[in-house]
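Reproduced below: my_file20.txt, with compact mmCIF, C-alpha atoms.
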```txt
# COMPACT_ATOMS: atom_id res chain seq x y z
CA MET A 19 0.00 0.00 0.00
CA SER A 20 1.28 3.47 -0.87
CA ILE A 21 0.29 6.66 0.93
CA GLU A 22 -1.70 7.72 -2.18
CA GLN A 23 -3.74 4.51 -2.06
CA PHE A 24 -4.21 4.83 1.69
CA VAL A 25 -5.54 8.38 1.46
CA ALA A 26 -7.80 7.43 -1.48
CA ARG A 27 -9.30 4.52 0.49
CA SER A 28 -9.76 6.74 3.56
CA GLU A 29 -11.60 9.52 1.79
CA GLY A 30 -15.24 9.91 2.80
CA GLN A 31 -17.42 10.22 5.88
CA TRP A 32 -17.02 7.72 8.70
CA ARG A 33 -18.94 7.01 11.87
CA SER A 34 -16.44 6.16 14.58
CA MET A 35 -16.94 4.18 17.79
CA ARG A 36 -13.94 4.94 19.98
CA SER A 37 -12.96 3.38 23.31
CA ALA A 38 -10.11 4.86 25.31
CA HIS A 39 -8.44 2.90 28.12
CA ALA A 40 -6.71 4.86 30.90
CA LEU A 41 -4.49 2.02 32.10
CA ALA A 42 -3.43 3.32 35.53
CA PHE A 43 -6.99 4.18 36.51
CA ARG A 44 -8.67 1.26 34.71
CA GLN A 45 -11.16 3.71 33.25
CA PHE A 46 -13.02 3.40 29.95
CA GLU A 47 -14.25 6.28 27.83
CA ASP A 48 -16.58 5.49 24.91
CA VAL A 49 -17.42 8.10 22.29
CA ILE A 50 -19.27 8.08 18.96
CA SER A 51 -18.21 10.69 16.43
CA THR A 52 -18.31 11.52 12.74
CA ILE A 53 -15.06 11.89 10.82
CA LYS A 54 -14.79 13.45 7.38
CA ILE A 55 -11.68 12.90 5.26
CA GLU A 56 -11.33 14.90 2.07
CA ARG A 57 -8.44 15.01 -0.39
CA LEU A 58 -7.13 18.48 -1.19
CA ALA A 59 -5.55 19.72 -4.40
CA ILE A 60 -1.77 20.23 -4.33
CA ASN A 61 -2.44 23.91 -5.06
CA ASN A 62 -5.08 24.31 -2.34
CA GLN A 63 -4.41 27.71 -0.78
CA ASP A 64 -4.18 26.43 2.82
CA VAL A 65 -1.67 23.79 1.73
CA VAL A 66 0.39 26.29 -0.27
CA ASP A 67 0.44 28.75 2.63
CA TYR A 68 1.44 26.08 5.14
CA LEU A 69 4.28 24.78 2.97
CA ALA A 70 5.56 28.32 2.37
CA GLY A 71 5.59 28.97 6.12
CA GLN A 72 7.61 25.79 6.69
CA SER A 73 9.96 26.33 3.71
CA ILE A 74 8.92 23.03 2.14
CA LEU A 75 9.00 22.57 -1.63
CA PRO A 76 5.53 21.71 -3.00
CA ASP A 77 6.88 19.00 -5.32
CA THR A 78 7.97 16.84 -2.36
CA ILE A 79 4.41 16.32 -1.08
CA SER A 80 1.72 13.82 -2.05
CA SER A 81 -2.05 13.49 -1.44
CA PRO A 82 -2.70 16.25 1.10
CA PHE A 83 -6.03 15.90 2.87
CA GLN A 84 -8.27 17.50 5.44
CA MET A 85 -9.73 15.69 8.43
CA THR A 86 -12.71 17.03 10.38
CA TRP A 87 -14.32 15.34 13.38
CA GLN A 88 -17.29 15.96 15.62
CA ALA A 89 -18.45 13.94 18.60
CA GLU A 90 -22.09 12.85 18.42
CA SER A 91 -22.24 11.77 22.01
CA ASP A 92 -20.03 11.47 25.02
CA TRP A 93 -20.64 9.02 27.84
CA GLU A 94 -18.88 11.40 30.24
CA PRO A 95 -20.43 14.82 29.63
CA ASP A 96 -18.71 16.33 32.67
CA ASP A 97 -15.26 15.76 31.18
CA ALA A 98 -14.45 19.29 30.07
CA THR A 99 -11.10 18.26 28.62
CA ALA A 100 -12.63 16.07 25.92
CA VAL A 101 -12.08 17.48 22.45
CA SER A 102 -15.49 17.20 20.81
CA GLN A 103 -14.70 18.68 17.41
CA GLY A 104 -11.84 19.89 15.29
CA THR A 105 -10.23 20.00 11.89
CA CYS A 106 -6.70 19.73 10.56
CA ILE A 107 -4.77 19.53 7.31
CA LEU A 108 -2.44 16.57 6.80
CA ILE A 109 0.38 16.62 4.27
CA PRO A 110 2.35 13.43 3.45
CA ILE A 111 5.96 13.71 2.32
CA PRO A 112 6.92 10.24 1.01
CA GLU A 113 10.52 9.09 1.47
CA THR A 114 10.24 5.55 0.11
CA GLU A 115 7.28 3.57 -1.24
CA ARG A 116 6.34 2.54 2.31
CA THR A 117 7.72 5.28 4.56
CA GLY A 118 7.65 9.04 4.93
CA GLN A 119 6.67 12.00 7.04
CA LEU A 120 3.22 13.39 7.73
CA LEU A 121 2.89 17.09 8.55
CA ARG A 122 -0.16 18.15 10.50
CA SER A 123 -1.44 21.68 10.71
CA LYS A 124 -4.16 22.42 13.23
CA GLY A 125 -5.85 24.93 10.95
CA TYR A 126 -4.59 28.40 11.77
CA ALA A 127 -2.93 27.45 15.07
CA GLU A 128 0.65 27.03 13.89
CA SER A 129 1.79 26.30 17.43
CA GLU A 130 -0.12 23.03 17.40
CA SER A 131 1.40 21.66 14.23
CA ALA A 132 3.19 18.33 14.43
CA VAL A 133 5.52 16.20 12.33
CA SER A 134 4.93 12.45 12.32
CA SER A 135 6.75 9.59 10.66
CA TYR A 136 4.71 6.91 8.93
CA SER A 137 5.30 3.45 7.54
CA PHE A 138 3.27 0.51 6.24
CA LEU A 139 3.52 -3.06 7.51
CA ASP A 140 3.56 -5.89 4.96
CA ASP A 141 -0.23 -6.37 5.26
CA GLY A 142 -0.91 -2.69 4.54
CA THR A 143 -1.36 -1.59 8.16
CA PHE A 144 -0.52 2.12 8.43
CA ILE A 145 1.75 3.07 11.37
CA LEU A 146 2.09 6.68 12.50
CA LYS A 147 4.49 7.92 15.19
CA THR A 148 4.42 11.43 16.62
CA ALA A 149 6.72 12.92 19.26
CA TYR A 150 5.28 15.70 21.40
CA SER A 151 7.15 17.57 24.14
CA GLN A 152 5.86 15.34 26.95
CA SER A 153 4.66 12.23 25.16
CA ILE A 154 4.93 9.97 22.13
CA ALA A 155 1.84 8.80 20.23
CA GLU A 156 1.71 5.73 18.01
CA GLU A 157 -1.32 5.04 15.85
CA ARG A 158 -2.08 2.12 13.58
CA ILE A 159 -4.88 2.07 11.02
CA TRP A 160 -5.96 -0.97 9.02
CA PHE A 161 -8.88 -1.73 6.73
CA LEU A 162 -11.21 -4.66 7.47
CA SER A 163 -13.12 -4.08 4.22
CA GLU A 164 -13.74 -1.25 1.80
CA HIS A 165 -16.13 0.37 4.26
CA VAL A 166 -14.77 -0.56 7.68
CA ARG A 167 -11.43 0.38 9.17
CA CYS A 168 -9.84 0.18 12.63
CA ARG A 169 -7.57 2.64 14.33
CA SER A 170 -5.63 1.99 17.53
CA SER A 171 -3.44 4.42 19.43
CA VAL A 172 -0.96 4.36 22.28
CA LEU A 173 0.22 7.37 24.28
CA ARG A 174 3.58 6.95 26.04
CA THR A 175 5.58 9.25 28.26
CA SER A 176 8.62 10.68 26.47
CA GLU A 177 10.93 9.46 29.21
CA GLY A 178 10.99 5.76 29.95
CA SER A 179 8.38 3.36 28.74
CA GLY A 180 5.34 4.47 30.73
CA ILE A 181 2.12 3.90 28.79
CA LEU A 182 -0.57 6.43 29.64
CA GLN A 183 -3.48 5.45 27.47
CA THR A 184 -4.56 3.21 24.64
CA SER A 185 -7.55 3.67 22.39
CA PHE A 186 -9.37 1.81 19.67
CA SER A 187 -11.81 3.06 17.05
CA SER A 188 -14.08 1.12 14.71
CA GLU A 189 -14.88 3.32 11.73
CA VAL A 190 -17.77 2.52 9.37
CA ARG A 191 -18.20 4.48 6.16
CA ARG A 192 -21.38 6.54 5.98
CA ILE A 193 -22.97 6.00 2.61
CA GLU A 194 -24.55 9.18 1.30
CA ALA A 195 -28.24 8.96 0.43
CA MET B 21 9.17 -13.26 16.13
CA SER B 22 8.66 -17.01 16.34
CA ILE B 23 5.72 -18.71 18.02
CA GLU B 24 8.08 -19.90 20.79
CA GLN B 25 9.15 -16.31 21.53
CA PHE B 26 5.56 -15.11 21.36
CA VAL B 27 4.34 -17.69 23.87
CA ALA B 28 7.31 -17.00 26.16
CA ARG B 29 6.58 -13.25 26.14
CA SER B 30 2.89 -13.88 26.77
CA GLU B 31 3.34 -16.14 29.77
CA GLY B 32 2.09 -14.66 33.04
CA GLN B 33 -0.94 -13.00 34.56
CA TRP B 34 -2.52 -10.05 32.79
CA ARG B 35 -5.23 -7.59 33.71
CA SER B 36 -7.28 -6.92 30.60
CA MET B 37 -9.47 -3.92 29.76
CA ARG B 38 -11.65 -4.97 26.85
CA SER B 39 -14.05 -2.87 24.78
CA ALA B 40 -16.35 -4.57 22.28
CA HIS B 41 -18.09 -2.58 19.55
CA ALA B 42 -21.36 -3.96 18.12
CA LEU B 43 -21.23 -2.00 14.85
CA ALA B 44 -24.86 -2.32 13.69
CA PHE B 45 -26.22 -1.32 17.07
CA ARG B 46 -23.48 1.22 17.94
CA GLN B 47 -23.21 -0.40 21.33
CA PHE B 48 -20.16 -0.55 23.56
CA GLU B 49 -19.39 -3.24 26.10
CA ASP B 50 -16.49 -2.67 28.51
CA VAL B 51 -15.15 -5.47 30.70
CA ILE B 52 -12.17 -5.89 33.01
CA SER B 53 -10.83 -9.40 33.44
CA THR B 54 -7.78 -11.35 34.52
CA ILE B 55 -6.03 -13.63 32.03
CA LYS B 56 -3.49 -16.25 32.98
CA ILE B 57 -1.20 -17.77 30.34
CA GLU B 58 0.95 -20.72 31.33
CA ARG B 59 3.26 -22.81 29.17
CA LEU B 60 2.69 -26.55 29.34
CA ALA B 61 5.20 -29.35 28.95
CA ILE B 62 5.09 -31.25 25.65
CA ASN B 63 4.29 -34.36 27.67
CA ASN B 64 1.52 -32.71 29.71
CA GLN B 65 -1.23 -35.32 29.99
CA ASP B 66 -4.01 -33.06 28.64
CA VAL B 67 -1.85 -32.21 25.64
CA VAL B 68 -0.93 -35.84 25.00
CA ASP B 69 -4.57 -36.94 25.26
CA TYR B 70 -5.78 -34.20 22.93
CA LEU B 71 -3.15 -34.97 20.29
CA ALA B 72 -3.94 -38.69 20.47
CA GLY B 73 -7.65 -37.92 19.93
CA GLN B 74 -6.83 -35.85 16.86
CA SER B 75 -4.21 -38.29 15.47
CA ILE B 76 -1.51 -35.62 15.57
CA LEU B 77 2.15 -36.57 16.05
CA PRO B 78 3.60 -34.95 19.20
CA ASP B 79 6.85 -33.98 17.46
CA THR B 80 5.03 -31.54 15.14
CA ILE B 81 3.91 -29.23 17.97
CA SER B 82 5.68 -26.39 19.76
CA SER B 83 5.10 -24.41 22.99
CA PRO B 84 1.65 -25.62 24.06
CA PHE B 85 0.04 -23.38 26.66
CA GLN B 86 -3.04 -22.96 28.79
CA MET B 87 -5.12 -19.79 28.92
CA THR B 88 -7.56 -19.07 31.75
CA TRP B 89 -9.72 -15.95 32.06
CA GLN B 90 -12.12 -14.52 34.58
CA ALA B 91 -14.12 -11.30 34.39
CA GLU B 92 -13.70 -8.99 37.39
CA SER B 93 -16.57 -6.75 36.44
CA ASP B 94 -19.11 -6.30 33.71
CA TRP B 95 -20.75 -3.02 32.88
CA GLU B 96 -23.83 -4.91 31.64
CA PRO B 97 -24.69 -7.38 34.40
CA ASP B 98 -27.99 -8.32 32.72
CA ASP B 99 -26.20 -9.71 29.68
CA ALA B 100 -26.57 -13.41 30.37
CA THR B 101 -24.68 -14.38 27.21
CA ALA B 102 -21.39 -12.88 28.37
CA VAL B 103 -18.76 -15.51 29.03
CA SER B 104 -17.31 -14.48 32.36
CA GLN B 105 -14.74 -17.23 32.82
CA GLY B 106 -13.17 -20.13 31.02
CA THR B 107 -10.03 -22.05 30.23
CA CYS B 108 -8.57 -23.70 27.14
CA ILE B 109 -5.44 -25.41 25.92
CA LEU B 110 -3.69 -24.00 22.86
CA ILE B 111 -1.28 -26.04 20.77
CA PRO B 112 0.81 -24.39 18.00
CA ILE B 113 1.89 -26.46 14.99
CA PRO B 114 4.50 -24.34 13.15
CA GLU B 115 4.68 -24.63 9.35
CA THR B 116 7.31 -21.98 8.64
CA GLU B 117 9.21 -19.60 10.93
CA ARG B 118 6.32 -17.12 10.75
CA THR B 119 3.23 -19.21 10.02
CA GLY B 120 1.41 -22.24 11.33
CA GLN B 121 -1.74 -23.63 12.86
CA LEU B 122 -3.05 -23.22 16.38
CA LEU B 123 -5.29 -25.92 17.82
CA ARG B 124 -7.62 -24.96 20.59
CA SER B 125 -9.26 -27.36 22.97
CA LYS B 126 -11.99 -26.02 25.21
CA GLY B 127 -10.98 -28.24 28.08
CA TYR B 128 -13.00 -31.42 28.00
CA ALA B 129 -15.62 -30.13 25.52
CA GLU B 130 -14.23 -31.62 22.32
CA SER B 131 -17.13 -30.22 20.32
CA GLU B 132 -15.89 -26.69 20.91
CA SER B 133 -12.38 -27.22 19.69
CA ALA B 134 -11.15 -25.05 16.84
CA VAL B 135 -8.29 -24.90 14.36
CA SER B 136 -6.83 -21.48 13.60
CA SER B 137 -4.10 -20.36 11.24
CA TYR B 138 -1.54 -17.87 12.52
CA SER B 139 1.12 -15.64 11.03
CA PHE B 140 3.39 -12.80 12.11
CA LEU B 141 3.65 -9.42 10.39
CA ASP B 142 7.11 -7.92 9.86
CA ASP B 143 6.87 -5.91 13.11
CA GLY B 144 6.04 -9.03 15.17
CA THR B 145 2.25 -8.53 15.27
CA PHE B 146 0.59 -11.92 15.75
CA ILE B 147 -2.38 -12.60 13.42
CA LEU B 148 -4.84 -15.41 14.17
CA LYS B 149 -7.70 -16.46 11.88
CA THR B 150 -10.42 -18.93 12.90
CA ALA B 151 -13.32 -20.17 10.80
CA TYR B 152 -16.44 -21.22 12.68
CA SER B 153 -19.63 -22.59 11.07
CA GLN B 154 -21.37 -19.19 10.96
CA SER B 155 -18.54 -16.70 11.32
CA ILE B 156 -14.85 -15.95 10.87
CA ALA B 157 -12.77 -14.40 13.65
CA GLU B 158 -9.53 -12.52 13.12
CA GLU B 159 -7.38 -11.50 16.07
CA ARG B 160 -4.19 -9.50 16.19
CA ILE B 161 -1.93 -9.25 19.23
CA TRP B 162 1.06 -6.93 19.55
CA PHE B 163 3.35 -5.93 22.40
CA LEU B 164 3.74 -2.27 23.38
CA SER B 165 6.39 -3.14 25.95
CA GLU B 166 7.48 -6.14 27.98
CA HIS B 167 4.49 -5.71 30.27
CA VAL B 168 1.77 -4.26 28.03
CA ARG B 169 0.15 -5.86 25.01
CA CYS B 170 -2.86 -5.11 22.83
CA ARG B 171 -5.31 -7.51 21.26
CA SER B 172 -7.91 -6.60 18.67
CA SER B 173 -10.52 -8.88 17.14
CA VAL B 174 -13.03 -8.82 14.31
CA LEU B 175 -15.98 -11.15 13.89
CA ARG B 176 -17.30 -11.49 10.31
CA THR B 177 -20.17 -13.46 8.84
CA SER B 178 -18.98 -16.50 6.90
CA GLU B 179 -20.89 -15.40 3.81
CA GLY B 180 -20.07 -12.03 2.33
CA SER B 181 -18.13 -9.40 4.14
CA GLY B 182 -20.53 -8.44 6.92
CA ILE B 183 -18.67 -7.38 10.06
CA LEU B 184 -20.57 -8.16 13.24
CA GLN B 185 -18.30 -6.95 15.99
CA THR B 186 -14.87 -5.60 16.74
CA SER B 187 -13.11 -5.58 20.08
CA PHE B 188 -9.94 -4.23 21.62
CA SER B 189 -8.12 -5.24 24.78
CA SER B 190 -5.32 -3.51 26.66
CA GLU B 191 -3.48 -6.10 28.72
CA VAL B 192 -1.12 -5.10 31.55
CA ARG B 193 1.04 -7.72 33.24
CA ARG B 194 0.27 -8.29 36.90
CA ILE B 195 3.52 -8.37 38.82
CA GLU B 196 3.39 -10.91 41.63
CA ALA B 197 4.14 -9.53 45.09
```

Translate the structure described by the file into structure tokens.
Amino acid sequence: MSIEQFVARSEGQWRSMRSAHALAFRQFEDVISTIKIERLAINNQDVVDYLAGQSILPDTISSPFQMTWQAESDWEPDDATAVSQGTCILIPIPETERTGQLLRSKGYAESESAVSSYSFLDDGTFILKTAYSQSIAEERIWFLSEHVRCRSSVLRTSEGSGILQTSFSSEVRRIEA
Amino acid sequence: MSIEQFVARSEGQWRSMRSAHALAFRQFEDVISTIKIERLAINNQDVVDYLAGQSILPDTISSPFQMTWQAESDWEPDDATAVSQGTCILIPIPETERTGQLLRSKGYAESESAVSSYSFLDDGTFILKTAYSQSIAEERIWFLSEHVRCRSSVLRTSEGSGILQTSFSSEVRRIEA
């Protein structure tokens, strides 16, 4: 699987069931949300502006896309820290057929941008690693069928091997009427 | 990773947080349980008896083990169908370094035995596929660290590509006092 194929298969609207596991506290958090993934043109103005700001040549990128999510429900409505909606632009920079970098811009908030490295396992599973200042996130995404995909994530502390949280999402494509 | 290494790393007691997603009903089920995995000797009597019953030569098997589980809690106590405890014997029959079969005996209930095929992805992720009369189960297990592993599962209908349920478990090793 190449990043172009992966983005093409991911495009669309998905209904996500997500369970997060806080390991130290043995707490579950279950959320249903809608995720929209949309490919962007290479000359999309937001993409062009972001690349210019980062001094990245446009001909190194491939298949930029926008991801938007909105929670439909939250089993813990008193959890004010839960992010219930958002949008970001994601820009792959392939290095080899199966590896590369993924730039993420949180819309206009440059301070929240992130650089991830990605790779594909031999069965097409997509692996994404992101280092933040205090933690390291690893995601894996794999397709069960054309219309169902799974996403798991792990959040580790930057120092040592402490694992803070895992999560798992089942994403089912929403077919437009 | 070989099946011998995988079984050796898995041996011990684990506390599991498991979330199941019933996709058609958008229902979550969260359960905490304890799982015990114990390697068995090749000449363990239960193993020898099972192999004799199946006409399998003992020198084709590797690293047999016993798995026992018990739910500590269930968020849906009125769900009488939930299996809250059980034990089984698992017997790997390697075919290549990274593939083979896994026989499962549900204790003394021969009728519930199953034959699965297993393989390892290039990052060591263990993949297990089991065909039942009405459904096909696919599990994947991967280690996040020496003491934390993840397990995901998918249950499909035998005919077509209908996906009935997914699940995800975070398993943390219980260190004996």

Smallest atom-to-atom distance to A:Gln72: which of A:Met19, A:Leu121, A:Met85, A:Ile193, using all atoms listed in the file?
A:Leu121

Please tabulate, as a Markdown table, the residues of chain B that come within 7 Å of chain A, each with its closest pair of atoms and the distance in Å to one decimal, counting only C-alpha atoms and ordering rows by chain, then residue number upward.
```
| residue | atom | partner | partner_atom | distance |
| --- | --- | --- | --- | --- |
| B:Ser39 | CA | A:Ser37 | CA | 6.5 |
| B:Leu141 | CA | A:Asp140 | CA | 6.5 |
| B:Asp142 | CA | A:Asp140 | CA | 6.4 |
| B:Phe188 | CA | A:Phe186 | CA | 6.4 |
```

Tell me, in Å to one decimal, how far atom CA of B:Leu110 is from atom CA of A:Phe161.
28.0 Å

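The gap separating atom CA of B:Phe85 from atom CA of B:Val67 is 9.1 Å, in Å to one decimal.
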
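Minimum atom-to-atom distances from A:Gln119, A:Gln152, A:Gln103, A:Ser135 to A:Ile79 were compared using only C-alpha atoms, and the lowest value belongs to A:Gln119.
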
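Take atom CA of B:Thr150 and atom CA of A:Ile145: the distance between them is 25.2 Å.
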
For stretch 60-93 of chain B, supply N, CA and C atoms and report the output as an mmCIF file, in the coordinates of the input.
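Now in rebuild_4.cif:
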```
data_model
loop_
_atom_site.group_PDB
_atom_site.id
_atom_site.type_symbol
_atom_site.label_atom_id
_atom_site.label_comp_id
_atom_site.auth_asym_id
_atom_site.auth_seq_id
_atom_site.Cartn_x
_atom_site.Cartn_y
_atom_site.Cartn_z
ATOM 1 N N LEU B 60 2.838 -25.161 28.899
ATOM 2 C CA LEU B 60 2.690 -26.550 29.340
ATOM 3 C C LEU B 60 3.844 -27.375 28.767
ATOM 4 N N ALA B 61 4.182 -28.432 29.479
ATOM 5 C CA ALA B 61 5.200 -29.350 28.950
ATOM 6 C C ALA B 61 4.628 -30.108 27.755
ATOM 7 N N ILE B 62 5.519 -30.488 26.836
ATOM 8 C CA ILE B 62 5.090 -31.250 25.650
ATOM 9 C C ILE B 62 4.415 -32.561 26.083
ATOM 10 N N ASN B 63 4.866 -33.096 27.206
ATOM 11 C CA ASN B 63 4.290 -34.360 27.670
ATOM 12 C C ASN B 63 3.207 -34.177 28.747
ATOM 13 N N ASN B 64 2.673 -32.951 28.837
ATOM 14 C CA ASN B 64 1.520 -32.710 29.710
ATOM 15 C C ASN B 64 0.389 -33.667 29.313
ATOM 16 N N GLN B 65 -0.264 -34.262 30.311
ATOM 17 C CA GLN B 65 -1.230 -35.320 29.990
ATOM 18 C C GLN B 65 -2.402 -34.819 29.139
ATOM 19 N N ASP B 66 -2.900 -33.605 29.429
ATOM 20 C CA ASP B 66 -4.010 -33.060 28.640
ATOM 21 C C ASP B 66 -3.602 -32.871 27.182
ATOM 22 N N VAL B 67 -2.361 -32.418 26.999
ATOM 23 C CA VAL B 67 -1.850 -32.210 25.640
ATOM 24 C C VAL B 67 -1.732 -33.549 24.916
ATOM 25 N N VAL B 68 -1.124 -34.512 25.591
ATOM 26 C CA VAL B 68 -0.930 -35.840 25.000
ATOM 27 C C VAL B 68 -2.279 -36.463 24.620
ATOM 28 N N ASP B 69 -3.248 -36.369 25.528
ATOM 29 C CA ASP B 69 -4.570 -36.940 25.260
ATOM 30 C C ASP B 69 -5.242 -36.261 24.070
ATOM 31 N N TYR B 70 -5.131 -34.929 24.018
ATOM 32 C CA TYR B 70 -5.780 -34.200 22.930
ATOM 33 C C TYR B 70 -5.168 -34.581 21.586
ATOM 34 N N LEU B 71 -3.831 -34.625 21.536
ATOM 35 C CA LEU B 71 -3.150 -34.970 20.290
ATOM 36 C C LEU B 71 -3.522 -36.379 19.841
ATOM 37 N N ALA B 72 -3.586 -37.307 20.799
ATOM 38 C CA ALA B 72 -3.940 -38.690 20.470
ATOM 39 C C ALA B 72 -5.343 -38.741 19.859
ATOM 40 N N GLY B 73 -6.274 -37.956 20.430
ATOM 41 C CA GLY B 73 -7.650 -37.920 19.930
ATOM 42 C C GLY B 73 -7.747 -37.355 18.524
ATOM 43 N N GLN B 74 -6.808 -36.496 18.176
ATOM 44 C CA GLN B 74 -6.830 -35.850 16.860
ATOM 45 C C GLN B 74 -5.860 -36.518 15.879
ATOM 46 N N SER B 75 -5.201 -37.599 16.318
ATOM 47 C CA SER B 75 -4.210 -38.290 15.470
ATOM 48 C C SER B 75 -3.106 -37.353 14.987
ATOM 49 N N ILE B 76 -2.596 -36.545 15.910
ATOM 50 C CA ILE B 76 -1.510 -35.620 15.570
ATOM 51 C C ILE B 76 -0.231 -36.093 16.249
ATOM 52 N N LEU B 77 0.885 -36.113 15.487
ATOM 53 C CA LEU B 77 2.150 -36.570 16.050
ATOM 54 C C LEU B 77 2.714 -35.514 16.995
ATOM 55 N N PRO B 78 3.109 -35.916 18.206
ATOM 56 C CA PRO B 78 3.600 -34.950 19.200
ATOM 57 C C PRO B 78 4.823 -34.160 18.730
ATOM 58 N N ASP B 79 5.639 -34.719 17.824
ATOM 59 C CA ASP B 79 6.850 -33.980 17.460
ATOM 60 C C ASP B 79 6.601 -32.872 16.439
ATOM 61 N N THR B 80 5.335 -32.656 16.044
ATOM 62 C CA THR B 80 5.030 -31.540 15.140
ATOM 63 C C THR B 80 4.638 -30.278 15.902
ATOM 64 N N ILE B 81 4.432 -30.385 17.213
ATOM 65 C CA ILE B 81 3.910 -29.230 17.970
ATOM 66 C C ILE B 81 5.036 -28.468 18.651
ATOM 67 N N SER B 82 4.697 -27.254 19.118
ATOM 68 C CA SER B 82 5.680 -26.390 19.760
ATOM 69 C C SER B 82 4.975 -25.514 20.796
ATOM 70 N N SER B 83 5.574 -25.372 21.978
ATOM 71 C CA SER B 83 5.100 -24.410 22.990
ATOM 72 C C SER B 83 3.605 -24.464 23.294
ATOM 73 N N PRO B 84 3.071 -25.611 23.662
ATOM 74 C CA PRO B 84 1.650 -25.620 24.060
ATOM 75 C C PRO B 84 1.468 -24.789 25.329
ATOM 76 N N PHE B 85 0.284 -24.211 25.469
ATOM 77 C CA PHE B 85 0.040 -23.380 26.660
ATOM 78 C C PHE B 85 -1.433 -23.411 27.034
ATOM 79 N N GLN B 86 -1.680 -23.011 28.273
ATOM 80 C CA GLN B 86 -3.040 -22.960 28.790
ATOM 81 C C GLN B 86 -3.419 -21.516 29.048
ATOM 82 N N MET B 87 -4.645 -21.149 28.682
ATOM 83 C CA MET B 87 -5.120 -19.790 28.920
ATOM 84 C C MET B 87 -6.378 -19.883 29.767
ATOM 85 N N THR B 88 -6.412 -19.095 30.841
ATOM 86 C CA THR B 88 -7.560 -19.070 31.750
ATOM 87 C C THR B 88 -7.974 -17.617 31.922
ATOM 88 N N TRP B 89 -9.275 -17.329 31.895
ATOM 89 C CA TRP B 89 -9.720 -15.950 32.060
ATOM 90 C C TRP B 89 -10.912 -15.886 32.994
ATOM 91 N N GLN B 90 -11.022 -14.754 33.647
ATOM 92 C CA GLN B 90 -12.120 -14.520 34.580
ATOM 93 C C GLN B 90 -12.449 -13.039 34.603
ATOM 94 N N ALA B 91 -13.706 -12.705 34.359
ATOM 95 C CA ALA B 91 -14.120 -11.300 34.390
ATOM 96 C C ALA B 91 -14.175 -10.806 35.828
ATOM 97 N N GLU B 92 -13.634 -9.578 36.043
ATOM 98 C CA GLU B 92 -13.700 -8.990 37.390
ATOM 99 C C GLU B 92 -14.944 -8.138 37.522
ATOM 100 N N SER B 93 -15.423 -7.660 36.407
ATOM 101 C CA SER B 93 -16.570 -6.750 36.440
ATOM 102 C C SER B 93 -17.189 -6.757 35.067
#
```
